[in-house]
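model04.csv, holding CSV, C-alpha atoms and all ligand atoms:
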```csv
chain,number,residue,atom,x,y,z
A,1,LEU,CA,0.0,0.0,0.0
A,2,GLN,CA,1.6,3.2,-1.2
A,3,ILE,CA,1.3,6.2,1.3
A,4,THR,CA,2.8,9.5,0.1
A,5,PRO,CA,3.6,12.1,2.8
A,6,ILE,CA,2.9,15.7,1.8
A,7,ASP,CA,5.7,18.1,2.7
A,8,PRO,CA,4.9,21.1,4.9
A,9,GLU,CA,5.7,23.6,2.1
A,10,ARG,CA,2.9,21.9,0.0
A,11,TRP,CA,0.2,22.3,2.6
A,12,LEU,CA,1.1,25.1,5.0
A,13,PRO,CA,-0.1,28.6,4.1
A,14,PRO,CA,2.6,31.3,3.8
A,15,GLY,CA,3.9,32.5,7.2
A,16,LYS,CA,2.8,29.4,9.0
A,17,LYS,CA,5.2,26.9,10.5
A,18,ALA,CA,2.9,24.1,11.8
A,19,ALA,CA,-0.8,23.4,12.3
A,20,LEU,CA,-3.2,22.4,15.0
A,21,CYS,CA,-6.4,20.4,14.5
A,22,PHE,CA,-8.7,19.5,17.4
A,23,SER,CA,-11.2,16.7,16.8
A,24,ILE,CA,-13.9,15.0,18.8
A,25,ASP,CA,-15.3,11.5,18.2
A,26,ASP,CA,-18.7,10.0,19.1
A,27,VAL,CA,-20.7,13.2,18.8
A,28,HIS,CA,-24.4,12.3,18.7
A,29,PRO,CA,-27.7,13.5,20.2
A,30,GLY,CA,-27.8,11.1,23.2
A,31,ARG,CA,-28.5,12.7,26.5
A,32,SER,CA,-27.4,11.9,30.1
A,33,ASP,CA,-31.0,11.1,31.0
A,34,GLN,CA,-30.9,8.4,28.4
A,35,HIS,CA,-27.7,6.4,28.5
A,36,TYR,CA,-25.0,9.1,28.4
A,37,ASP,CA,-24.4,12.5,26.9
A,38,GLY,CA,-23.0,12.4,23.4
A,39,GLY,CA,-23.9,16.1,22.8
A,40,GLY,CA,-27.7,15.9,23.4
A,41,ASP,CA,-27.3,17.8,26.8
A,42,LEU,CA,-26.3,20.8,24.6
A,43,ASP,CA,-24.9,23.7,26.7
A,44,LYS,CA,-25.2,21.7,29.9
A,45,GLY,CA,-22.9,18.9,28.7
A,46,VAL,CA,-19.9,18.1,26.5
A,47,LEU,CA,-21.0,20.6,23.7
A,48,GLY,CA,-21.1,23.4,26.3
A,49,LEU,CA,-17.5,22.6,27.4
A,50,LEU,CA,-16.4,22.6,23.8
A,51,ARG,CA,-18.2,25.9,23.1
A,52,GLN,CA,-16.4,27.4,26.2
A,53,LEU,CA,-13.0,26.3,24.7
A,54,LEU,CA,-13.9,28.0,21.4
A,55,LEU,CA,-14.9,31.2,23.2
A,56,ARG,CA,-11.8,31.3,25.3
A,57,HIS,CA,-9.4,30.6,22.4
A,58,PRO,CA,-10.6,32.7,19.4
A,59,GLN,CA,-8.0,31.0,17.2
A,60,LEU,CA,-9.2,27.5,17.9
A,61,CYS,CA,-11.1,25.5,15.3
A,62,MET,CA,-12.6,22.0,15.8
A,63,THR,CA,-14.0,19.0,13.9
A,64,LEU,CA,-16.9,17.2,15.4
A,65,PHE,CA,-16.9,13.6,14.1
A,66,THR,CA,-20.6,13.0,14.3
A,67,THR,CA,-22.5,9.7,14.1
A,68,PRO,CA,-25.7,10.2,12.2
A,69,ASP,CA,-27.7,7.3,13.7
A,70,TRP,CA,-25.9,6.2,16.9
A,71,ARG,CA,-27.1,2.7,18.0
A,72,GLU,CA,-24.5,1.7,20.5
A,73,ILE,CA,-25.3,1.4,24.2
A,74,SER,CA,-22.2,-0.3,25.6
A,75,PRO,CA,-19.0,-1.0,23.6
A,76,LYS,CA,-18.4,-4.2,25.7
A,77,PRO,CA,-20.0,-7.5,24.6
A,78,SER,CA,-22.2,-9.1,27.3
A,79,ARG,CA,-20.5,-12.0,28.9
A,80,ALA,CA,-23.2,-14.6,28.4
A,81,MET,CA,-23.2,-14.0,24.6
A,82,ARG,CA,-19.5,-14.2,24.4
A,83,LEU,CA,-19.6,-17.8,25.6
A,84,ILE,CA,-21.6,-19.1,22.6
A,85,PRO,CA,-19.0,-19.5,19.8
A,86,TRP,CA,-21.1,-20.1,16.7
A,87,ILE,CA,-23.2,-17.0,16.9
A,88,ARG,CA,-20.4,-14.8,18.1
A,89,GLU,CA,-19.5,-13.3,14.7
A,90,ARG,CA,-23.1,-13.2,13.4
A,91,THR,CA,-24.9,-11.5,16.3
A,92,TYR,CA,-24.8,-8.2,18.1
A,93,LEU,CA,-23.2,-9.2,21.3
A,94,ALA,CA,-24.4,-6.2,23.2
A,95,LYS,CA,-27.8,-4.6,23.5
A,96,ILE,CA,-28.2,-1.9,20.8
A,97,LEU,CA,-30.7,0.9,20.1
A,98,PRO,CA,-33.4,0.5,17.4
A,99,LYS,CA,-32.7,2.3,14.1
A,100,GLY,CA,-33.5,6.0,14.2
A,101,SER,CA,-33.7,6.4,17.9
A,102,ARG,CA,-30.6,8.7,18.0
A,103,SER,CA,-30.9,10.0,14.4
A,104,ILE,CA,-29.6,13.5,14.0
A,105,ALA,CA,-32.4,14.0,11.5
A,106,ARG,CA,-34.8,13.8,14.5
A,107,ALA,CA,-32.7,16.1,16.7
A,108,PRO,CA,-33.2,19.6,15.4
A,109,GLU,CA,-32.1,21.3,18.6
A,110,PHE,CA,-28.8,19.3,18.6
A,111,VAL,CA,-28.2,20.1,14.9
A,112,GLY,CA,-29.1,23.7,15.5
A,113,TYR,CA,-26.5,23.9,18.4
A,114,LEU,CA,-23.8,22.3,16.2
A,115,ARG,CA,-24.5,24.7,13.4
A,116,GLU,CA,-24.1,27.7,15.7
A,117,LEU,CA,-20.7,26.7,17.0
A,118,PRO,CA,-18.1,29.0,15.6
A,119,ARG,CA,-15.1,27.7,13.6
A,120,THR,CA,-16.5,24.1,13.7
A,121,GLU,CA,-16.3,21.5,10.9
A,122,ILE,CA,-18.9,18.7,11.2
A,123,ALA,CA,-17.6,15.5,9.7
A,124,LEU,CA,-18.6,11.8,9.8
A,125,HIS,CA,-18.0,9.1,12.4
A,126,GLY,CA,-19.6,6.0,10.9
A,127,LEU,CA,-23.4,5.5,10.6
A,128,HIS,CA,-24.5,3.4,13.6
A,129,HIS,CA,-21.2,2.8,15.6
A,130,ILE,CA,-22.0,-0.9,16.0
A,131,HIS,CA,-20.9,-4.2,14.5
A,132,THR,CA,-21.7,-7.9,15.1
A,133,GLY,CA,-19.0,-9.9,17.0
A,134,ALA,CA,-16.6,-9.0,19.7
A,135,GLU,CA,-15.6,-5.6,18.4
A,136,VAL,CA,-18.9,-3.9,19.1
A,137,HIS,CA,-17.9,-0.4,18.1
A,138,VAL,CA,-15.7,-1.2,15.0
A,139,GLU,CA,-18.3,-0.5,12.4
A,140,PHE,CA,-16.2,-1.3,9.3
A,141,GLN,CA,-14.6,-4.7,9.3
A,142,HIS,CA,-14.9,-7.3,6.4
A,143,GLU,CA,-17.6,-5.6,4.4
A,144,SER,CA,-17.3,-5.3,0.6
A,145,LEU,CA,-16.8,-2.0,-1.2
A,146,VAL,CA,-20.5,-2.1,-2.2
A,147,GLU,CA,-21.6,-2.7,1.5
A,148,CYS,CA,-19.3,0.1,2.7
A,149,SER,CA,-20.7,2.4,0.0
A,150,HIS,CA,-24.2,1.6,1.0
A,151,VAL,CA,-23.5,2.6,4.7
A,152,LEU,CA,-21.8,5.8,3.6
A,153,HIS,CA,-24.7,6.6,1.3
A,154,GLU,CA,-27.2,6.2,4.2
A,155,ALA,CA,-25.0,8.3,6.5
A,156,LEU,CA,-24.7,11.1,3.9
A,157,SER,CA,-28.5,11.1,3.3
A,158,ILE,CA,-29.2,11.5,7.1
A,159,PHE,CA,-26.7,14.4,7.2
A,160,GLU,CA,-28.7,16.0,4.3
A,161,GLN,CA,-32.1,15.3,6.0
A,162,ALA,CA,-30.7,17.0,9.1
A,163,GLY,CA,-29.8,20.1,7.2
A,164,LEU,CA,-26.0,19.7,7.5
A,165,SER,CA,-23.7,20.2,4.7
A,166,ARG,CA,-21.9,17.3,3.1
A,167,PRO,CA,-19.0,16.1,5.3
A,168,LEU,CA,-15.6,16.3,3.7
A,169,GLY,CA,-14.1,13.5,5.7
A,170,MET,CA,-14.6,10.7,8.2
A,171,CYS,CA,-12.9,9.3,11.3
A,172,PRO,CA,-14.1,5.6,11.2
A,173,PRO,CA,-15.4,4.2,14.5
A,174,GLY,CA,-12.6,2.2,16.3
A,175,TRP,CA,-10.1,3.9,13.9
A,176,ASN,CA,-10.5,0.9,11.5
A,177,ALA,CA,-10.4,1.8,7.8
A,178,PRO,CA,-10.0,-1.4,5.7
A,179,PRO,CA,-9.2,-1.0,2.0
A,180,ALA,CA,-12.9,-1.5,0.9
A,181,LEU,CA,-14.0,1.4,3.1
A,182,VAL,CA,-11.2,3.7,1.7
A,183,ALA,CA,-12.3,2.7,-1.8
A,184,ALA,CA,-15.9,3.4,-1.0
A,185,MET,CA,-15.0,6.8,0.4
A,186,VAL,CA,-13.3,7.7,-2.9
A,187,VAL,CA,-16.4,6.5,-4.8
A,188,ASN,CA,-18.5,8.7,-2.6
A,189,GLU,CA,-16.2,11.7,-3.1
A,190,PHE,CA,-14.9,12.2,0.4
A,191,SER,CA,-11.7,14.3,0.6
A,192,TYR,CA,-10.0,12.7,3.6
A,193,VAL,CA,-10.0,9.9,6.2
A,194,ALA,CA,-8.6,10.3,9.7
A,195,SER,CA,-7.8,6.7,10.6
A,196,SER,CA,-4.4,6.3,12.3
A,197,ARG,CA,-3.8,7.1,15.9
A,198,ASP,CA,-0.4,6.9,17.7
A,199,ILE,CA,0.2,8.6,20.9
A,200,ARG,CA,3.4,6.7,21.8
A,201,THR,CA,5.9,7.0,18.9
A,202,PRO,CA,8.4,9.8,19.6
A,203,ILE,CA,8.0,12.9,17.4
A,204,VAL,CA,10.8,13.0,14.9
A,205,PRO,CA,10.8,13.9,11.2
A,206,GLY,CA,9.5,11.0,9.2
A,207,ALA,CA,7.9,9.3,12.2
A,208,THR,CA,5.0,6.9,11.3
A,209,ALA,CA,1.8,6.0,13.2
A,210,ASN,CA,1.5,2.3,14.1
A,211,MET,CA,-1.0,2.0,17.0
A,212,SER,CA,-4.6,2.2,15.8
A,213,GLY,CA,-6.1,2.3,12.3
A,214,ILE,CA,-4.1,2.3,9.1
A,215,LYS,CA,-0.4,1.5,9.8
A,216,ASN,CA,2.7,3.2,8.6
A,217,THR,CA,1.1,6.5,7.9
A,218,PRO,CA,3.1,9.7,8.5
A,219,LEU,CA,2.5,10.6,12.2
A,220,ILE,CA,2.6,14.4,11.9
A,221,GLN,CA,2.1,15.1,8.1
A,222,PRO,CA,-0.9,14.7,5.9
A,223,ALA,CA,-0.5,11.9,3.4
A,224,ARG,CA,-2.1,10.7,0.2
A,225,LEU,CA,-3.2,7.1,0.1
A,226,GLU,CA,-2.8,5.1,-3.0
A,227,SER,CA,-6.5,5.5,-3.8
A,228,GLY,CA,-6.1,9.3,-3.8
A,229,LEU,CA,-7.8,9.9,-0.5
A,230,LEU,CA,-6.0,12.2,2.0
A,231,HIS,CA,-5.1,10.9,5.4
A,232,PHE,CA,-4.5,12.5,8.8
A,233,SER,CA,-3.1,10.8,11.9
A,234,THR,CA,-4.0,11.6,15.5
A,235,ASN,CA,-0.9,12.1,17.6
A,236,PHE,CA,-2.1,13.7,20.9
A,237,GLN,CA,-4.7,13.1,23.6
A,238,ALA,CA,-5.5,13.9,27.2
A,239,THR,CA,-2.7,11.7,28.6
A,240,SER,CA,0.0,13.1,26.3
A,241,PRO,CA,2.6,15.5,27.9
A,242,ILE,CA,2.8,19.1,26.8
A,243,GLU,CA,6.3,18.6,25.5
A,244,ARG,CA,4.9,16.2,22.8
A,245,ALA,CA,2.7,19.1,21.5
A,246,PHE,CA,5.7,21.4,21.3
A,247,GLU,CA,7.7,18.7,19.4
A,248,VAL,CA,5.0,18.4,16.8
A,249,ILE,CA,4.9,22.1,16.3
A,250,ARG,CA,8.7,22.5,16.2
A,251,ASN,CA,8.8,19.7,13.5
A,252,SER,CA,6.4,21.6,11.3
A,253,GLY,CA,3.7,19.0,11.7
A,254,ILE,CA,0.0,18.9,12.4
A,255,LEU,CA,-0.7,18.7,16.1
A,256,ALA,CA,-3.8,16.5,15.9
A,257,ILE,CA,-5.5,16.4,19.3
A,258,LYS,CA,-8.3,13.9,19.9
A,259,GLY,CA,-11.1,14.0,22.4
A,260,HIS,CA,-14.2,11.8,22.9
A,261,ALA,CA,-17.7,13.2,23.5
A,262,VAL,CA,-18.7,10.3,25.7
A,263,LYS,CA,-16.5,10.1,28.8
A,264,ASN,CA,-18.3,7.2,30.4
A,265,ALA,CA,-20.2,4.7,28.3
A,266,MET,CA,-22.0,2.4,30.8
A,267,GLY,CA,-18.8,1.9,32.8
A,268,PHE,CA,-16.4,2.0,29.8
A,269,VAL,CA,-14.4,5.2,30.6
A,270,ALA,CA,-12.6,7.0,27.7
A,271,LEU,CA,-9.2,8.4,28.8
A,272,ASP,CA,-9.6,11.2,26.4
A,273,GLY,CA,-13.3,11.9,27.2
A,274,ILE,CA,-14.0,15.6,27.3
A,275,ASP,CA,-14.6,16.4,31.0
A,276,ALA,CA,-13.6,19.3,33.3
A,277,VAL,CA,-10.1,17.9,33.8
A,278,TYR,CA,-9.4,17.5,30.0
A,279,PHE,CA,-11.0,20.9,29.5
A,280,ASN,CA,-8.5,22.5,31.9
A,281,TYR,CA,-5.6,20.7,30.3
A,282,LEU,CA,-6.5,21.9,26.8
A,283,ASP,CA,-7.2,25.4,28.1
A,284,LEU,CA,-3.6,25.5,29.5
A,285,LEU,CA,-2.1,23.8,26.4
A,286,PHE,CA,-3.7,26.3,24.0
A,287,ASP,CA,-2.5,29.2,26.1
A,288,LYS,CA,1.1,27.9,26.2
A,289,LEU,CA,1.2,27.2,22.5
A,290,GLN,CA,-0.2,30.6,21.7
A,291,ARG,CA,2.4,32.3,24.0
A,292,GLU,CA,5.3,30.2,22.6
A,293,PHE,CA,4.5,30.1,18.9
A,294,GLY,CA,1.9,33.0,18.3
A,295,ASP,CA,0.7,33.4,14.8
A,296,THR,CA,3.1,30.9,13.3
A,297,ILE,CA,0.6,28.1,14.1
A,298,TRP,CA,-2.2,27.5,11.6
A,299,TRP,CA,-5.2,26.7,13.8
A,300,THR,CA,-7.4,24.9,11.4
A,301,THR,CA,-9.4,21.7,10.6
A,302,PHE,CA,-8.6,18.5,8.7
A,303,GLY,CA,-11.3,19.6,6.2
A,304,GLU,CA,-9.6,23.0,5.6
A,305,ILE,CA,-6.2,21.4,5.1
A,306,ALA,CA,-7.6,18.8,2.7
A,307,THR,CA,-9.4,21.5,0.7
A,308,ARG,CA,-6.1,23.5,0.5
A,309,ILE,CA,-4.1,20.5,-0.6
A,310,ASN,CA,-6.7,19.5,-3.2
A,311,SER,CA,-7.0,23.1,-4.6
A,312,ILE,CA,-3.2,23.3,-5.1
A,313,ALA,CA,-2.7,19.8,-6.4
A,314,PRO,CA,-5.8,18.2,-7.9
A,315,THR,CA,-6.6,14.7,-6.7
A,316,GLU,CA,-4.5,12.2,-8.6
A,317,ALA,CA,-3.7,8.7,-7.6
A,318,PRO,CA,0.0,7.8,-8.2
A,319,GLU,CA,-0.2,4.8,-10.4
B,1,ZN,ZN,-16.2,6.3,18.2
```
Please re-express this file's structure in structure tokens.
Ligand SMILES: [Zn+2]
Amino acid sequence: LQITPIDPERWLPPGKKAALCFSIDDVHPGRSDQHYDGGGDLDKGVLGLLRQLLLRHPQLCMTLFTTPDWREISPKPSRAMRLIPWIRERTYLAKILPKGSRSIARAPEFVGYLRELPRTEIALHGLHHIHTGAEVHVEFQHESLVECSHVLHEALSIFEQAGLSRPLGMCPPGWNAPPALVAAMVVNEFSYVASSRDIRTPIVPGATANMSGIKNTPLIQPARLESGLLHFSTNFQATSPIERAFEVIRNSGILAIKGHAVKNAMGFVALDGIDAVYFNYLDLLFDKLQREFGDTIWWTTFGEIATRINSIAPTEAPE
């Protein structure tokens, strides 16, 4: 699989030395009086915290990777079901929500709140965020191109019904972007996928991401996959030290910070869930970066970078 890094001089605007992208996964209209807040609590919940960050840091932009019809309740398979081998891969091993119960097309207040957030890109995070078998939340696994394309088509149509503009990119649930999904994203004219995550590999020029998602992708640079789709890696989260952020910026990379909208999904706690503690850390980090690097950082979104790259060098798959 050919993965071509894109050099900073080809994607950074004049005068900028590095970029910062902040993205949140699992955004959906669920509320804390249902199973948990995924954004449905609006100003009283995670979206309110994110809005405060945007207000406190007028340079900050963010991408909300939103699931148009969230059906997950818990990401953990129930134990009893795990003991029955034959049905394991063919059955939903955890209780799931009926289709449409958390559809963004039925949540006008939620969508209205998203649309009023300043400097916010709304992109895609799967369709239902569920799968049969042990990996409950890994939505794309062994499906064919046609099956992936069908899922994407349904997701795009719910975005449209909800009155949201067409998303430019997707972060796939559980980071997993098999080749059939990437091909289906190209067919459906997406600009980018944000699959890889690596928060351990040291930040050096040419470092690659090898933890979650597509392997061997550039850790701090955008890249073009063989199919032509652009790719961005996540390299920072709540547990990462501030020095890591400084190293990405000093190496002219994209500091790609991840958060999750759902902190506690029925006992499954996300280390990078957006809560008051992560809020304070990000608040401090953004202040420090601004003080140290000022206007040399391009505070932007994956969508904006992808659009810039594609407007300079039209999409062409190196064959
Ligand atoms: Zn997710």
- prompt: Mind listing the residues within 12 Å of ligand ZN 1 (chain B), all atoms listed in the file counted, as a ChimeraX atom specification?
  reply: /A:23-28,38,64-68,70-75,124-130,135-140,170-176,195,258-263,265,270,272-273
For the residues in that selection, give me C-alpha atoms as a JSON list (two decimals), keeping the file's coordinate frame.
```json
[["chain", "number", "residue", "atom", "x", "y", "z"],
["A", 23, "SER", "CA", -11.20, 16.70, 16.80],
["A", 24, "ILE", "CA", -13.90, 15.00, 18.80],
["A", 25, "ASP", "CA", -15.30, 11.50, 18.20],
["A", 26, "ASP", "CA", -18.70, 10.00, 19.10],
["A", 27, "VAL", "CA", -20.70, 13.20, 18.80],
["A", 28, "HIS", "CA", -24.40, 12.30, 18.70],
["A", 38, "GLY", "CA", -23.00, 12.40, 23.40],
["A", 64, "LEU", "CA", -16.90, 17.20, 15.40],
["A", 65, "PHE", "CA", -16.90, 13.60, 14.10],
["A", 66, "THR", "CA", -20.60, 13.00, 14.30],
["A", 67, "THR", "CA", -22.50, 9.70, 14.10],
["A", 68, "PRO", "CA", -25.70, 10.20, 12.20],
["A", 70, "TRP", "CA", -25.90, 6.20, 16.90],
["A", 71, "ARG", "CA", -27.10, 2.70, 18.00],
["A", 72, "GLU", "CA", -24.50, 1.70, 20.50],
["A", 73, "ILE", "CA", -25.30, 1.40, 24.20],
["A", 74, "SER", "CA", -22.20, -0.30, 25.60],
["A", 75, "PRO", "CA", -19.00, -1.00, 23.60],
["A", 124, "LEU", "CA", -18.60, 11.80, 9.80],
["A", 125, "HIS", "CA", -18.00, 9.10, 12.40],
["A", 126, "GLY", "CA", -19.60, 6.00, 10.90],
["A", 127, "LEU", "CA", -23.40, 5.50, 10.60],
["A", 128, "HIS", "CA", -24.50, 3.40, 13.60],
["A", 129, "HIS", "CA", -21.20, 2.80, 15.60],
["A", 130, "ILE", "CA", -22.00, -0.90, 16.00],
["A", 135, "GLU", "CA", -15.60, -5.60, 18.40],
["A", 136, "VAL", "CA", -18.90, -3.90, 19.10],
["A", 137, "HIS", "CA", -17.90, -0.40, 18.10],
["A", 138, "VAL", "CA", -15.70, -1.20, 15.00],
["A", 139, "GLU", "CA", -18.30, -0.50, 12.40],
["A", 140, "PHE", "CA", -16.20, -1.30, 9.30],
["A", 170, "MET", "CA", -14.60, 10.70, 8.20],
["A", 171, "CYS", "CA", -12.90, 9.30, 11.30],
["A", 172, "PRO", "CA", -14.10, 5.60, 11.20],
["A", 173, "PRO", "CA", -15.40, 4.20, 14.50],
["A", 174, "GLY", "CA", -12.60, 2.20, 16.30],
["A", 175, "TRP", "CA", -10.10, 3.90, 13.90],
["A", 176, "ASN", "CA", -10.50, 0.90, 11.50],
["A", 195, "SER", "CA", -7.80, 6.70, 10.60],
["A", 258, "LYS", "CA", -8.30, 13.90, 19.90],
["A", 259, "GLY", "CA", -11.10, 14.00, 22.40],
["A", 260, "HIS", "CA", -14.20, 11.80, 22.90],
["A", 261, "ALA", "CA", -17.70, 13.20, 23.50],
["A", 262, "VAL", "CA", -18.70, 10.30, 25.70],
["A", 263, "LYS", "CA", -16.50, 10.10, 28.80],
["A", 265, "ALA", "CA", -20.20, 4.70, 28.30],
["A", 270, "ALA", "CA", -12.60, 7.00, 27.70],
["A", 272, "ASP", "CA", -9.60, 11.20, 26.40],
["A", 273, "GLY", "CA", -13.30, 11.90, 27.20]]
```
CA of Leu255 (chain A) to CA of Phe236 (chain A), straight-line distance in Å: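 Atom-to-atom, CA of Phe236 (chain A) and CA of Leu255 (chain A) are spaced 7.1 Å apart.
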- request: To one decimal in Å, tell me the separation between CA of His153 (chain A) and CA of Val193 (chain A).
  value: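 Result for CA of His153 (chain A) versus CA of Val193 (chain A): 15.8 Å, one decimal.
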query: Within 12 Å of (-23.7, 22.5, 27.9), all atoms listed in the file: residues as a VMD selection string?
result: chain A and resid 31 to 32 37 to 53 110 113 to 114 261 274 to 276
- request: Return the single residue from A:Arg106, A:Arg197, A:His35, A:Lys288 that is closest to Ala256 (chain A), with distances computed using only C-alpha atoms.
  value: A:Arg197
- prompt: From the set A:Leu1, A:Ile122, A:Ala183, A:Ile249, which residue has the shortest atom-to-atom contact distance to Arg166 (chain A), counting all atoms listed in the file?
  reply: A:Ile122
task: Please write as a ChimeraX atom specification the list of polymer residues whose atoms come within 7 Å of (4.5, 10.7, 8.4), counting only C-alpha atoms and keeping to the coordinates of the file.
output: /A:5,206-208,217-221
Residue selection dump (C-alpha atoms) as a compact mmCIF listing (two decimals), keeping the file's coordinate frame:
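Now in out-v7.txt:
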```txt
# COMPACT_ATOMS: atom_id res chain seq x y z
CA PRO A 5 3.60 12.10 2.80
CA GLY A 206 9.50 11.00 9.20
CA ALA A 207 7.90 9.30 12.20
CA THR A 208 5.00 6.90 11.30
CA THR A 217 1.10 6.50 7.90
CA PRO A 218 3.10 9.70 8.50
CA LEU A 219 2.50 10.60 12.20
CA ILE A 220 2.60 14.40 11.90
CA GLN A 221 2.10 15.10 8.10
```
